[in-house]
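**Q** Please see the structure below; I have some questions.
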Amino acid sequence: MRSTASLRWMVTRRMRVLLRMHEETFHVARNAGGHGVLQVGCFTLIFLLIPIVGHILATVLVLADDLTLAEKILWLVVVWVFWPIGPFLYLLLGQRRTIGARAS
């Protein structure tokens with residue numbers, strides 16, 4: 001028969017192994033940098049995907065606006081080269097629509 005201390009040691013060791021397996025199975029997946037997948041996904045969404053959609057919308061606005069071809073090309077370059085502020089610059093400085101153009 002095994003002693004109580006020996007059985008207790010085996011049970012605790014088995015519990016530690018099971019706990020470690022549980023943590024590895026259900027723990028948040030980690031990438032190489034040690035950041036969680038959810039954290040990286042949110043970072044990607046906020047700093048990459050949303051600005052790309054904004055730049056696409058700004059491009060559509062530039063092409064739909066009544067500008068000359070040279071002005072359109074210049075604003076497209078500004079929108080896409082000056083990544084963080086290009087669309088804002090166009091909305092503040094470059095957007096030109098004729099008031100009442102649709103009324104005629």
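Letters A, B, ... go to the chains of the structure tokens in the order shown; residues in each chain start at 1; ligands are counted from 1 in the same order.
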List the spatial neighbours of A:Gly94 as a PyMOL selection string - criterion: any atom at most 10 Å away, only C-alpha atoms, same-chain residues fewer than 6 positions off excluded.

**A** chain A and resi 62+65+67+71-72+75+87-88
